[in-house]
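Note sheet for the following structure.
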Amino acid sequence: MILQHSYATDLSELVTRVKPQALKNARVVSINQSLLTQLGLPTQWQDKQLMLEQLLAVDSPLTQYAVAQKYGGHQFGHWNPDLGDGRGLLLTEVVSPDGKRWDLHLKGAGQTPYSRFADGRAVLRSSIREYLASEALFHLGIPSSRALCLIASDELVYREKSEMGAMLLRICQSHLRFGHFEYFYHSGQSDKLQRLFDYSFQYHFQECATAANPYAAMLTKIVKDTAVMIAKWQAYGFNHGVMNTDNMSIHGITFDFGPYAFLDDFKPDFICNHSDPQGRYSFDSQPGIGLWNLNALAQAFTPHLSRGEITRILQEYEPSLLDEYGRVMRAKCGLQPNHANNSGLINEWLDMLVTEHKDYTVMFRLLSKFDPALNDPTLRDQFIDRPRFDKWATMLEQTLAEQQWSTTERRLSMLAHNPKVILRNYLAQQVIDKAEQGDFTLFEQFLAALSQPFDENPEHDRFAAQPPDWGKELEISCSS
């Protein structure tokens, strides 16, 4: 096991040393065993009590360099310089056996100088939601932070009501956010901003450091990685809900889960966050907000790049997003990657789902098994406007005839891109209700299903059904 503390030591003036604060009767309720092995962490840490001791002991390898980071961010479009790790601590960095670096970050670890009078805690509800979401996205192929360990407790914390306190140990390449660079730029701390750039080139953008213009290369990579991530969100129907710049990772990974939701019925203007009545972060607004956030980040690059250079780099965002979105949507519709003349076919399919209020995931899964050359009515019977469907099916049949692809190959490819199981909020709430009673059985079962989203596993059928009407569009708040 190789543990390092480069952020805490190399950028010591940008952090505050803070030790995790224990919760009452804290206990580890889940360890991501496969991820622990992948990181090369000691097999002894699979023991829940030993893992707990490592996370909370003041002098363990995981806590002796624990720090809270300082940053800012644009929240719902407004600049806020008073942000930072208010309830989370960067514990250490792990170098995995394949040589990659991973942050270990503990959420809900108690108060820090950036808690802003809050208690520094996370609740079991939000911790479970982040654990499930990060693993669900990862197994769908969407870049994301991941969950390594979940800790429950008997300590009560107050949000809208009294809830059970919890902690979540998560990993990602780093916890550097757009807001890190924004804060040191807007506060005029040019020396610290430069240190942050130098650190990023040394540890996270080595390939950019040797480019003719390292800063242009770094910003270009962030722009393209962000575009690819958001394209995948749109293709799989994921609504993040709080795309503030302090929740945006420079690595183009889904980060800081709050009131997220996967779409049930396909509503492009769906708003998953009840604290966002204007719909700034609605599902169909996400691509535009991604570019807005990149513009905000790009200001921090102005000491090194001209306005013209930045504009040219930002102009790469839209084609990168459209290329990735088109690639994934062609795969979901059973069209070969080089088949470019299909936007009308895909858009008509999506419009039919919108018009008839169809479930986004279920309908794509049914489409995976549909052969327009046969008379199987399963998919057709889902639609009220049968003539419109028939016209679309004829267009699909003509398009497929142009492909050198067997029906079997096409079907297998579609089943590998259209999940059977996604993370629906009503199911997550059922998991939370059980967990708050001390029963994590449903949590583990749902997590297993989300870890195999494309498999035809009968054991997971109950997680793949269309949601009941009461389970659609549950209101979720930011509070955690």
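Note on naming: chains are A, B, ... as they come in the structure tokens, residues start from 1 per chain, ligands start from 1 in the order shown.
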
May I have a table of the residues of segment 18-66 of chain A lying at most 10 Å from segment 134-148 of chain A, giving each one's closest pair of atoms and their distance in Å to one decimal, counting only C-alpha atoms, ordered by chain and ascending residue number, as a Markdown table?
```
| residue | atom | partner | partner_atom | distance |
| --- | --- | --- | --- | --- |
| A:Ser30 | CA | A:Leu148 | CA | 8.2 |
| A:Ile31 | CA | A:Leu148 | CA | 5.8 |
| A:Asn32 | CA | A:Leu148 | CA | 4.9 |
| A:Gln33 | CA | A:Leu148 | CA | 7.9 |
| A:Ser34 | CA | A:Leu148 | CA | 9.2 |
| A:Leu35 | CA | A:Leu148 | CA | 6.6 |
| A:Leu36 | CA | A:Leu148 | CA | 6.9 |
```

Selected residues written out, C-alpha atoms, as an mmCIF file, in the first residue's frame:
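Output (result_28.cif):
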```
data_model
loop_
_atom_site.group_PDB
_atom_site.id
_atom_site.type_symbol
_atom_site.label_atom_id
_atom_site.label_comp_id
_atom_site.auth_asym_id
_atom_site.auth_seq_id
_atom_site.Cartn_x
_atom_site.Cartn_y
_atom_site.Cartn_z
ATOM 1 C CA SER A 30 -20.802 -1.481 3.905
ATOM 2 C CA ILE A 31 -17.359 -1.790 2.321
ATOM 3 C CA ASN A 32 -16.872 -1.824 -1.434
ATOM 4 C CA GLN A 33 -14.685 -4.925 -1.451
ATOM 5 C CA SER A 34 -13.819 -4.954 -5.150
ATOM 6 C CA LEU A 35 -12.831 -1.289 -5.072
ATOM 7 C CA LEU A 36 -10.727 -1.800 -1.946
#
```

| field | Residues near segment 388-398 of chain A, cut-off 12 Å, only C-alpha atoms, skip fewer than 5 positions along chain, as a PyMOL selection string | value | chain A and resi 330+333-335+341-353+355-356+367+370-377+379-383+403+407

Residues of segment 274-338 of chain A at most 10 Å from segment 163-178 of chain A: nearest atom pair and distance in Å, only C-alpha atoms, as a tab-separated table:
```
residue	atom	partner	partner_atom	distance
A:Asn293	CA	A:Phe178	CA	8.0
A:Leu294	CA	A:Phe178	CA	8.1
A:Ala296	CA	A:Phe178	CA	8.2
A:Leu297	CA	A:Phe178	CA	5.6
A:Ala298	CA	A:Phe178	CA	9.1
A:Ala300	CA	A:Phe178	CA	9.3
```

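Assigned to strand (DSSP E) in segment 216-407 of chain A, given DSSP computed from backbone atoms, are Phe238, Asn239, Ala261 and Phe262 of chain A.
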
Could those residues be written to a file, using N, CA and C atoms, as a tab-separated table (two decimals), in the first residue's frame?
```tsv
chain	number	residue	atom	x	y	z
A	238	PHE	N	-29.77	11.23	-16.87
A	238	PHE	CA	-29.38	11.59	-15.51
A	238	PHE	C	-29.44	13.10	-15.32
A	239	ASN	N	-30.11	13.54	-14.27
A	239	ASN	CA	-30.22	14.95	-13.92
A	239	ASN	C	-29.46	15.18	-12.61
A	261	ALA	N	-31.60	12.84	-9.99
A	261	ALA	CA	-32.64	11.88	-10.38
A	261	ALA	C	-32.34	11.36	-11.77
A	262	PHE	N	-32.60	10.09	-11.99
A	262	PHE	CA	-32.72	9.56	-13.34
A	262	PHE	C	-34.16	9.80	-13.80
```

Can you list every residue of segment 80-106 of chain A that has an atom at most 9 Å from segment 182-189 of chain A, with its nearest atom pair and the distance in Å to one decimal, using only C-alpha atoms, ordered by chain then number, as a tab-separated table?
```
residue	atom	partner	partner_atom	distance
A:Asn80	CA	A:Tyr183	CA	8.8
A:Pro81	CA	A:Tyr183	CA	6.3
A:Leu83	CA	A:Tyr183	CA	9.0
```

| field | Counting only C-alpha atoms, the residue of A:Glu316, A:Glu309, A:Glu456, A:Glu409 that sits nearest Arg365 of chain A | value | A:Glu456

| said: So that I can check the secondary structure, give me every residue of segment 318-439 of chain A assigned helix (DSSP H, G or I) by backbone DSSP, as a ChimeraX atom specification. | reply: /A:318-332,343-355,360-368,380-382,386-401,407-415,425-435

Output of the above residues as a JSON list (two decimals), in the first residue's frame, restricted to C-alpha atoms:
```json
[["chain", "number", "residue", "atom", "x", "y", "z"],
["A", 318, "GLU", "CA", -20.28, 21.82, -28.24],
["A", 319, "PRO", "CA", -18.83, 19.55, -30.96],
["A", 320, "SER", "CA", -17.25, 17.33, -28.28],
["A", 321, "LEU", "CA", -20.59, 17.00, -26.50],
["A", 322, "LEU", "CA", -22.55, 16.38, -29.69],
["A", 323, "ASP", "CA", -20.04, 13.81, -30.94],
["A", 324, "GLU", "CA", -20.23, 11.81, -27.72],
["A", 325, "TYR", "CA", -23.99, 12.15, -27.40],
["A", 326, "GLY", "CA", -24.45, 11.04, -30.99],
["A", 327, "ARG", "CA", -22.15, 8.07, -30.49],
["A", 328, "VAL", "CA", -24.01, 6.84, -27.41],
["A", 329, "MET", "CA", -27.47, 7.47, -28.87],
["A", 330, "ARG", "CA", -26.61, 5.58, -32.07],
["A", 331, "ALA", "CA", -25.49, 2.66, -29.92],
["A", 332, "LYS", "CA", -28.71, 2.84, -27.85],
["A", 343, "SER", "CA", -30.53, 12.32, -36.33],
["A", 344, "GLY", "CA", -34.07, 12.43, -37.72],
["A", 345, "LEU", "CA", -34.67, 8.81, -36.74],
["A", 346, "ILE", "CA", -33.35, 9.31, -33.20],
["A", 347, "ASN", "CA", -35.14, 12.63, -32.69],
["A", 348, "GLU", "CA", -38.46, 11.19, -33.84],
["A", 349, "TRP", "CA", -38.10, 8.30, -31.39],
["A", 350, "LEU", "CA", -37.37, 10.71, -28.55],
["A", 351, "ASP", "CA", -40.28, 12.95, -29.53],
["A", 352, "MET", "CA", -42.65, 9.99, -29.46],
["A", 353, "LEU", "CA", -41.48, 9.21, -25.92],
["A", 354, "VAL", "CA", -42.10, 12.81, -24.86],
["A", 355, "THR", "CA", -45.51, 13.06, -26.53],
["A", 360, "TYR", "CA", -37.12, 6.64, -20.82],
["A", 361, "THR", "CA", -35.21, 3.58, -19.61],
["A", 362, "VAL", "CA", -37.94, 0.97, -20.07],
["A", 363, "MET", "CA", -38.67, 2.04, -23.63],
["A", 364, "PHE", "CA", -35.04, 1.91, -24.70],
["A", 365, "ARG", "CA", -34.74, -1.56, -23.18],
["A", 366, "LEU", "CA", -37.81, -2.68, -25.16],
["A", 367, "LEU", "CA", -36.32, -1.11, -28.27],
["A", 368, "SER", "CA", -33.25, -3.32, -27.78],
["A", 380, "ARG", "CA", -45.85, -1.07, -30.87],
["A", 381, "ASP", "CA", -48.54, -1.71, -28.28],
["A", 382, "GLN", "CA", -46.83, 0.75, -25.92],
["A", 386, "ARG", "CA", -49.84, 3.53, -33.83],
["A", 387, "PRO", "CA", -49.69, 5.11, -37.33],
["A", 388, "ARG", "CA", -46.88, 7.39, -36.16],
["A", 389, "PHE", "CA", -45.04, 4.44, -34.67],
["A", 390, "ASP", "CA", -45.50, 2.40, -37.84],
["A", 391, "LYS", "CA", -44.07, 5.20, -39.95],
["A", 392, "TRP", "CA", -41.09, 5.44, -37.62],
["A", 393, "ALA", "CA", -40.60, 1.64, -37.63],
["A", 394, "THR", "CA", -40.52, 1.66, -41.43],
["A", 395, "MET", "CA", -37.86, 4.37, -41.36],
["A", 396, "LEU", "CA", -35.88, 2.27, -38.85],
["A", 397, "GLU", "CA", -36.17, -0.85, -41.02],
["A", 398, "GLN", "CA", -34.87, 1.05, -44.05],
["A", 399, "THR", "CA", -31.97, 2.43, -42.04],
["A", 400, "LEU", "CA", -31.03, -0.98, -40.65],
["A", 401, "ALA", "CA", -31.04, -2.46, -44.14],
["A", 407, "THR", "CA", -29.82, -8.86, -36.04],
["A", 408, "THR", "CA", -28.04, -10.75, -33.26],
["A", 409, "GLU", "CA", -25.04, -8.41, -33.25],
["A", 410, "ARG", "CA", -27.30, -5.39, -33.19],
["A", 411, "ARG", "CA", -29.42, -6.73, -30.35],
["A", 412, "LEU", "CA", -26.42, -7.65, -28.19],
["A", 413, "SER", "CA", -24.92, -4.21, -28.73],
["A", 414, "MET", "CA", -28.16, -2.47, -27.76],
["A", 415, "LEU", "CA", -28.60, -4.57, -24.63],
["A", 425, "ASN", "CA", -35.55, 7.71, -6.45],
["A", 426, "TYR", "CA", -38.55, 5.81, -5.13],
["A", 427, "LEU", "CA", -36.39, 2.67, -4.86],
["A", 428, "ALA", "CA", -33.62, 4.65, -3.18],
["A", 429, "GLN", "CA", -36.17, 5.92, -0.67],
["A", 430, "GLN", "CA", -37.28, 2.37, 0.11],
["A", 431, "VAL", "CA", -33.65, 1.47, 0.74],
["A", 432, "ILE", "CA", -33.26, 4.50, 3.02],
["A", 433, "ASP", "CA", -36.41, 3.69, 4.98],
["A", 434, "LYS", "CA", -35.12, 0.18, 5.70],
["A", 435, "ALA", "CA", -31.63, 1.39, 6.55]]
```

| task | Give me the residues within 12 Å of Leu41 of chain A as a count of residues only, counting only C-alpha atoms and dropping any in the same chain fewer than 4 places off. | result | 23

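In this comparison, which uses only C-alpha atoms, the residue of A:Gln336, A:Thr302, A:Gln75, A:Gln111 approaching Met243 of chain A most closely is A:Gln75.
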
Please provide the set of residues having any atom within 8 Å of segment 461-468 of chain A, restricted to only C-alpha atoms, with same-chain residues fewer than 6 positions apart removed, written as a PDB file with C-alpha atoms, in the first residue's frame.
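Here's the written file selection08.pdb:
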```pdb
ATOM      1  CA  ASP A 264     -38.796   8.239 -15.232  1.00  0.00           C
ATOM      2  CA  ASP A 359     -40.548   5.809 -19.411  1.00  0.00           C
ATOM      3  CA  VAL A 362     -37.940   0.967 -20.069  1.00  0.00           C
ATOM      4  CA  LYS A 420     -32.383  -2.859 -17.434  1.00  0.00           C
ATOM      5  CA  VAL A 421     -31.848  -1.350 -13.970  1.00  0.00           C
ATOM      6  CA  ILE A 422     -31.296   2.302 -13.118  1.00  0.00           C
ATOM      7  CA  TYR A 426     -38.547   5.811  -5.133  1.00  0.00           C
ATOM      8  CA  LEU A 427     -36.389   2.675  -4.857  1.00  0.00           C
ATOM      9  CA  PHE A 446     -30.159  -2.812  -4.855  1.00  0.00           C
ATOM     10  CA  ALA A 449     -28.477  -4.792  -9.208  1.00  0.00           C
TER      11      ALA A 449
END
```

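Atom CA of Ile151 of chain A is found 25.3 Å from atom CA of Glu475 of chain A.
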
| field | Test item: residues at most 12 Å from Gly258 of chain A, only C-alpha atoms, excluding those fewer than 4 positions along its chain, as a PyMOL selection string | value | chain A and resi 122-123+125-134+239-244+247+254+272-275+425+475-480

| remark: Taken to one decimal, the atom CA of Cys149 of chain A-atom CA of Gly72 of chain A distance is 27.3 Å
